[in-house]
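Data block below; observations after.
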Amino acid sequence: MHYLGYAERVDGKYQRTQRGKSIANEHNTSSRNIQIIKDIIEHPTFKYALDLYIKSDYKFTAETRMMIIKNIFDNAYNVGSMVTAERRYSTVKQWIKWIYSLIK
């Protein structure tokens, strides 16, 4: 949630931002999901991963995996190791799978 601006760290703890509260309080599931998807796609790392996923015939191949991990390592905030980049890749991959599960 921090990655999309829905939470921020305050005094060592994460709290919802105004944006996060707005998303959480949206009672219409479709509207909430559409907004989350828009926010995901606007994020450069997710956009890059989504483009690769589409170009790879909607599959996460070993090649796309490594390209996304490298992109995360090189460009994402606060990634100090490849282990962290791989963990973030897993999150990016699951969000993209979630998006496509909604539109199938």
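Going by the structure tokens order, chains are called A, B, ..., each with residues numbered from 1, while ligands are numbered from 1 in the order shown.
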For region 64-67 of chain A: contacts at 9 Å, only C-alpha atoms, fewer than 4 positions along chain excluded, given as a list in words | Ala49, Leu52, Tyr53, Ser56, Lys59, Phe60, Asn71, Ile72, Glu86, Tyr89 and Lys93 of chain A
Quick one: everything within 12 Å of Ile99 (chain A), counting only C-alpha atoms, minus sequence neighbours fewer than 3 positions away in the same chain. Send it as JSON, numbers by chain.
-> {"A": [30, 33, 34, 35, 36, 37, 38, 39, 40, 41, 46, 50, 53, 58, 92, 93, 94, 95, 96, 102, 103, 104]}
Among chain A, which ones does DSSP place in strand (DSSP E), written as a PyMOL selection string?
-> chain A and resi 7-10+13-16
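Compared by their closest atoms to His43 (chain A), and using only C-alpha atoms, the residues A:Thr84, A:Asn75, A:Ser90, A:Ser101 rank with A:Asn75 nearest.
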Surrounding residues of Tyr6 (chain A) excluding itself and chain neighbours under 3 positions, 8 Å, only C-alpha atoms, as number ranges by chain = A: 1-3, 16-21
Only N, CA and C atoms, please: the residues just picked out, written as a CSV table (one decimal), in the first residue's frame.
```csv
chain,number,residue,atom,x,y,z
A,1,MET,N,0.8,-1.2,0.0
A,1,MET,CA,0.0,0.0,0.0
A,1,MET,C,0.9,1.3,0.0
A,2,HIS,N,2.0,1.2,0.6
A,2,HIS,CA,2.9,2.3,0.6
A,2,HIS,C,3.4,2.6,-0.8
A,3,TYR,N,3.6,1.6,-1.5
A,3,TYR,CA,4.1,1.7,-2.9
A,3,TYR,C,3.1,2.5,-3.8
A,16,ARG,N,-2.8,4.9,7.0
A,16,ARG,CA,-3.4,5.2,5.7
A,16,ARG,C,-3.2,6.7,5.4
A,17,THR,N,-3.0,7.0,4.2
A,17,THR,CA,-3.0,8.4,3.7
A,17,THR,C,-4.5,8.8,3.4
A,18,GLN,N,-4.7,10.0,3.1
A,18,GLN,CA,-6.0,10.4,2.7
A,18,GLN,C,-6.5,9.6,1.5
A,19,ARG,N,-5.6,9.4,0.6
A,19,ARG,CA,-5.9,8.5,-0.6
A,19,ARG,C,-6.3,7.1,-0.2
A,20,GLY,N,-5.5,6.6,0.7
A,20,GLY,CA,-5.7,5.2,1.2
A,20,GLY,C,-7.1,5.1,2.0
A,21,LYS,N,-7.4,6.1,2.7
A,21,LYS,CA,-8.7,6.2,3.4
A,21,LYS,C,-9.9,6.2,2.4
```
DSSP on the backbone, then: every residue of chain A marked alpha helix (DSSP H), written as number ranges by chain.
-> A: 18-25, 29-42, 44-55, 62-75, 82-103
Please, what distance in Å, to one decimal, runs between CA of Gly5 (chain A) and CA of Tyr48 (chain A)?
->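 Distance reported for this atom pair: 18.2 Å.
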Mind giving me the straight-line distance from CA of Asn28 (chain A) to CA of Lys13 (chain A) in Å, one decimal?
->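 A separation of 28.4 Å between them.
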Tell me which of A:Ala24, A:Leu4, A:Val10, A:Ile69 sits closest to Arg87 (chain A), counting only C-alpha atoms.
->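 Among A:Ala24, A:Leu4, A:Val10, A:Ile69, it is A:Ile69 that comes nearest to Arg87 (chain A).
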Separating CA of Asn25 (chain A) from CA of Thr45 (chain A), to the nearest tenth of an Å, is a gap of 26.3 Å
